[in-house]
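Participant: Submitted below is the structure of interest, expressed as structure tokens.
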Amino acid sequence: MQFVLVFARELPAEELPRFLGDLEEIRCTAVARLTAPAQSTFRPDELLSIEEASHRLGVSRDYLYRNSGDFPFTRRMGRKLLFSSLGIDSHIRQQNSATARRHSCRMGPVLNRSARG
């Protein structure tokens with residue numbers, strides 16, 4: 001921001017009113033951003049077909065049909081089987097974090113064999 005101060009010192013006097021207006025616009029924009037409520041990242045839930053859900057989960061349609069009762073994100077609409085997209089995303093995050101924890105436990109400390117004498 002030092003360059004703005006240098007610019008203000010070297011700017012011709014007749015251009016200072018416009019410069020002050022620009023600075024005020026910048027100040028108001030910054031204040032508005034600070035006082036505005038945080039923008040939510042709300043995403044509505046979608047119900048996915050068996051094809052879409054199997055693709056997202058990386059499993060076959062047959063597997064989903066056979067195991068649909070095991071997944072909390074399964075929704076039944078009459079005879080139709082649908083799947084919550086937010087539920088699938090949550091399931092994938094849980095699976096990824098569980099896998100990462102398992103891998104970190106198996107790795108353990110790595111010793112430099114050449115340092116042992």
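Residues are named by chain letter and number: chains run A, B, ... in the order of the structure tokens, numbers start at 1 in each chain, and ligands are numbered from 1 in the order shown.
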Might you pull out every residue within 10 Å of segment 67-69 of chain A, with only C-alpha atoms counted and same-chain residues fewer than 6 positions away left off, and present them as a PyMOL selection string?
Facilitator: chain A and resi 50+61+75-76+81-83
Participant: Selected residues, C-alpha atoms, written as a short mmCIF file (atom, residue, chain, number, x, y, z; two decimals), in the first residue's frame, please.
Facilitator:
```cif
data_model
loop_
_atom_site.label_atom_id
_atom_site.label_comp_id
_atom_site.auth_asym_id
_atom_site.auth_seq_id
_atom_site.Cartn_x
_atom_site.Cartn_y
_atom_site.Cartn_z
CA ILE A 50 -29.41 -45.29 -9.51
CA ARG A 61 -25.96 -50.50 -10.18
CA ARG A 75 -34.58 -42.61 -0.50
CA ARG A 76 -37.50 -44.66 -1.76
CA LEU A 81 -34.92 -45.95 -5.59
CA LEU A 82 -33.23 -42.54 -5.31
CA PHE A 83 -30.12 -41.30 -3.52
#
```
Participant: So that I can see what lies close to segment 28-45 of chain A, please list as a VMD selection string the residues with an atom at most 12 Å from it, counting only C-alpha atoms and leaving out residues fewer than 6 positions away in the same chain.
Facilitator: chain A and resid 21 to 22 73 82 to 90
Participant: Where in chain A does DSSP assign helix (DSSP H, G or I), given as a PyMOL selection string?
Facilitator: chain A and resi 2-10+13-35+50-57+61-70+85-107+113-115
Participant: Taking only C-alpha atoms into account, name the residue in A:Ser60, A:Thr74, A:Gln94, A:Gln2 that is nearest to Glu46 of chain A.
Facilitator: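 Counting only C-alpha atoms, the residue closest to Glu46 of chain A is A:Thr74.
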Participant: As an MDAnalysis selection string, list the residues of chain A assigned to strand (DSSP E) by DSSP on the backbone atoms of this structure.
Facilitator: chainID A and resid 47:48 74:77 80:84
